[in-house]
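To keep things clear, I will list the structure first and then write my remarks on it.
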Amino acid sequence: MFVWLSANLINIALVAVITLIVGLLLRGMIRDKKTGRSSCGGNCAGCASCVRCERETLHKSPRAF
Amino acid sequence: MDKKIRIALAGNPNSGKTTLFNKLTGSNQFVGNWPGVTVEKKEGRLIVDKDVILTDLPGIYSLSPYTLEEVVARNYLIEEKPDAILNIVDATNLERNLYLTTQLTELGIPVVIALNMMDLVRRAGDSINVRELSKQLGCKIVEISALKGDGVEDAARTAIDAAKNGKTIPQHRFSGPVEHALAHIEEVTVHDLPEERQRWYAIKLFERDEKVMESLHLSDEVKAHIERDIQAAEKELDDDAESIITNERYVCIGELLKGIYKKKGKGQLSVSDKIDRIVTNRVLALPIFVLVMWLVYALSMGAPIGGGGISIGTALTDWTNDVLGGAWLQEGSRALLESWNVAPWLVGLISDGILAGVGAVLGFVPQMLVLFLLLCILEDCGYMARIAFIMDRIFRKFGLSGKSFIPMLVGTGCGVPGVMATRTIENERDRRMTIMTTTFIPCGAKMPIIGLIAGALFGGSTWVATSAYFIGIAAIVLSGIMLKKTKMFAGDPAPFVMELPPYHLPAWSNVLRGAWERGWSFIKRAGTVIVVSSIVIWFLTGFGFVNGKFGMVKDLYKDESLVNDAYTAQVAERMGIPEDEVEPMDDSLLARIAQPVSIIFKPLGFGDWKPTAATVTGLVAKEEVVANFGIMYAYDDKDGEEELEENGNQIWDRVAEDFNAFSGGHGKLAAYAFMIFNLLCAPCFAAIGAIKREMNSRKWTWFAIGYQCCFAWVMAFIVWQLGRTFAGGMSAVGLTLALVMLALILWQLFKPYQEAQKLTVK
């Protein structure tokens with residue numbers, strides 16, 4: 001077991017790093033989705049209608065005075 | 001602790017509000033040189049005083065509740081009662097801008113006027129007596145140039161002072177009958193409201209503003225009483241109440257400006273007017289637009305400098321693909337990992353999966369940055385606003401509104417804000433139609449597809465990229481015309497008021513920020529969605545079942561007990577290719593999934609599993625199309641080479657070879673049909689999500705997706721079938737079907753448009 005581990009240490013480390021990166025990316029994407037910011041991946045500052053992305057604002061969207 | 005001060009930034013569309021907001025808050029909100037950029041209000045803290053919150057309201061011409069922007073602005077000013085209003089006024093259009101100012105001064109909130117573009121007024125030799133204007137309006141005025149940053153800090157400090165201890169009392173008065181009616185209304189309805197707001201409410205009641213009436217909960221008796229006062233004024237002035245107030249305001253402004261605003265060259269054409277005589281000319285406008293866009297694409301995505309072209313973007317992209325992506329990143333990483341004795345499958349995952357996929361997408365960043373930079377220059381100098389005006393002229397002939405063109409301008413960066421920008425279209429039918437067609441315009445994510453086809457198969461020809469842009473516009477126009485003639489979308493075009501801003505030299509900070517924002521959005525997606533999906537695609541491409549055994553197909557194919565002649569023949573039959581062309585990837589999971597689907601694309605000339613897989617995965621993100629090719633061909637060792645040469649372009653050469661192979665030697669045509677389909681078919685999931693939100697209906701969302709896919713298929717089919725007829729590879733059935741489809745489209749396009757015979761008023 002130890003021999004196998006030492007022989008594959010670099011592989012294990014790389015797989016761990018890739019898994020961590022992918023995990024963080026997925027977490028970020030899911031979090032963005034939940035907060036309603038997943039629409040385009042762009043910076044909201046660069047968007048003409050950024051506030052509209054926010055669900056809260058979307059529901060409060062004023063049509064009635 | 002001091003109370004936070006809230007200042008609202010209000011003004012006409014395109015008067016420079018967002019530019020001033022960015023200058024005052026250090027923010028980097030999107031600045032577009034056309035109206036409707038700010039759909040919602042945005043907030044930021046002043047740089048000079050962090051306790052002051054500045055709210056950028058959408059551009060409005062009045063406080064009437066007719067458009068979404070007006071409702072957003074009005075609700076904020078009335079319900080949230082900011083401590084002061086910083087009213088930005090375009091000094092070059094003083095009369096029209098002061099119409100809103102007269103309304104703002106009636107709200108009972110201290111108003112400070114930021115007189116913008118005073119540098120242009122002075123340059124034209126005109127003069128404004130600012131002191132007298134301030135006296136007549138009853139509020140302080142600060143001269144500014146938002147673009148250059150002159151006077152903006154002074155304007156902010158004046159607004160803070162006004163918020164702390166200022167008061168604005170409207171100085172303008174209407175004619176006798178109107179003032180008489182207003183006095184009566186104030187007396188019977190709004191006397192219990194704060195004194196400074198009574199006049200605004202009275203005017204709104206006089207205008208029969210339903211929303212104000214509802215909010216005041218007036219009894220029927222009171223309503224009847226004020227109705228008598230309004231009718232008396234209407235009878236005396238022989239007009240309806242709303243028109244009376246509009247007219248009275250303009251009369252007041254006209255009187256007020258006498259002696260205050262002196263125009264040097266009355267009746268003379270300004271430089272902008274002279275340019276517009278050519279640029280918006282009925283005959284020349286469109287050819288000039290085509291020429292400008294050709295130049296934009298020639299500089300960004302055409303043949304590179306040193307390769308017979310003028311493109312800076314392609315030269316940089318070639319370097320990124322060849323040196324940075326190919327030699328350094330992909331091969332460098334492979335060499336490094338192999339020197340560490342990393343397992344071959346892991347080397348494959350990192351080099352042929354993640355780096356090949358992400359690298360293929362990032363390679364196009366230089367081209368995109370140059371393209372976005374040029375588009376931002378055109379937007380900022382005022383040219384793109386003219387295009388909306390020109391398109392309105394064309395759209396209107398077919399019953400469409402130029403309003404549908406604004407989302408298209410926004411959509412060149414990303415389809416999502418483009419779809420959301422349709423909110424400014426009040427007519428529900430026009431709005432739905434615009435939502436369905438906005439994503440036809442090539443967004444940033446589609447640029448690599450265009451770059452790939454232009455570079456790999458057309459030697460970087462500028463016409464490919466330029467034609468892609470105009471195919472997008474043509475698809476919007478054709479769809480608009482055809483859909484408008486159906487019962488679902490019929491109706492008169494919505495009015496489109498568009499003010500053409502004067503031409504000016506682009507503000508480099510705006511241009512660079514705009515280009516970077518769009519480019520950064522692309523890079524960010526490559527670093528998130530594309531990384532994750534590249535791993536999935538690498539797995540699906542690299543693994544599969546070979547003769548019943550699961551594993552890495554490349555390794556399994558080395559096992560002669562698994563891959564014998566009989567098995568090769570079986571694979572060749574399944575894939576519809578000669579036996580000597582069978583390769584390990586034909587047994588990959590992706591090939592097995594994509595092969596049955598590829599039948600849909602056979603009539604379009606690219607019915608092979610590889611372009612099919614690329615097209616379908618493009619639904620995740622359009623960048624994925626190119627990333628997919630990058631992975632599939634980085635993996636591919638059909639040349640008998642174990643590894644790619646130190647040149648990323650080898651991948652694109654293989655793409656070209658394959659297109660030629662499965663299209664019977666018509667590779668360019670098949671690739672062009674592939675590009676057309678991918679440009680026009682359903683957008684990525686993010687944009688589909690935006691469509692669903694904006695349509696607010698599952699049925700309409702599916703209809704939109706269905707329409708986009710069918711339209712894309714038909715267009716690609718016609719191009720492929722007609723093209724190969726001319727290229728000497730005619731298919732009688734295909735050609736007949738293409739001609740029938742073309743005839744149906746032409747019939748729908750040219751059948752007379754039925755205008756409404758009666759006016760419907762809601």
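By convention in this document, the chains of the structure tokens carry letters A, B, ... by their order, each chain's residues are numbered from 1, and ligands are numbered from 1 in the order they are shown.
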All residues 10 Å or closer to Ile10 of chain A, only C-alpha atoms, same chain fewer than 2 positions away omitted, as an MDAnalysis selection string: (chainID A and resid 5:8 12:16) or (chainID B and resid 337 340:343)
Top pick for closest residue to chain B, considering A:Gly28, A:Lys33, A:Asn11, A:Val17 and counting only C-alpha atoms: A:Asn11
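One finds atom CA of Val251 of chain B at 18.7 Å from atom CA of Ser64 of chain B.
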Please identify all polymer residues within 12 Å of Leu25 of chain A, counting only C-alpha atoms, omitting same-chain residues fewer than 2 positions from it, and present them as a CSV table (one decimal) with C-alpha atoms, in the first residue's frame.
chain,number,residue,atom,x,y,z
A,18,ILE,CA,-8.0,19.0,-10.1
A,19,THR,CA,-10.9,17.7,-8.0
A,20,LEU,CA,-10.5,20.7,-5.7
A,21,ILE,CA,-10.5,23.2,-8.6
A,22,VAL,CA,-13.5,21.6,-10.2
A,23,GLY,CA,-15.3,21.4,-6.9
A,27,ARG,CA,-19.7,25.4,-6.0
A,28,GLY,CA,-19.3,28.9,-7.4
A,29,MET,CA,-21.5,28.1,-10.4
A,30,ILE,CA,-24.2,26.6,-8.1
A,31,ARG,CA,-24.0,29.6,-5.8
A,32,ASP,CA,-24.3,32.0,-8.6
B,524,LYS,CA,-14.3,34.1,-17.1
B,525,ARG,CA,-16.5,31.5,-18.8
B,526,ALA,CA,-13.4,29.8,-20.3
B,527,GLY,CA,-12.1,29.5,-16.7
B,528,THR,CA,-15.3,28.1,-15.3
B,529,VAL,CA,-17.9,26.4,-17.5
B,530,ILE,CA,-15.3,25.5,-20.2
B,531,VAL,CA,-12.9,23.9,-17.7
B,532,VAL,CA,-15.7,21.7,-16.2
B,533,SER,CA,-17.2,20.7,-19.6
Contacts of segment 275-280 of chain B within 12 Å, only C-alpha atoms, excl. fewer than 2 positions in-chain, as a count of residues only: 34
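Coordinates place atom CA of Ile631 of chain B at a distance of 8.6 Å from atom CA of Leu355 of chain B.
Restricting the calculation to only C-alpha atoms, the smallest distance between Pro58 of chain B and any of B:Ala634, B:Leu512, B:Ile160, B:Ile88 is found for B:Ile88.
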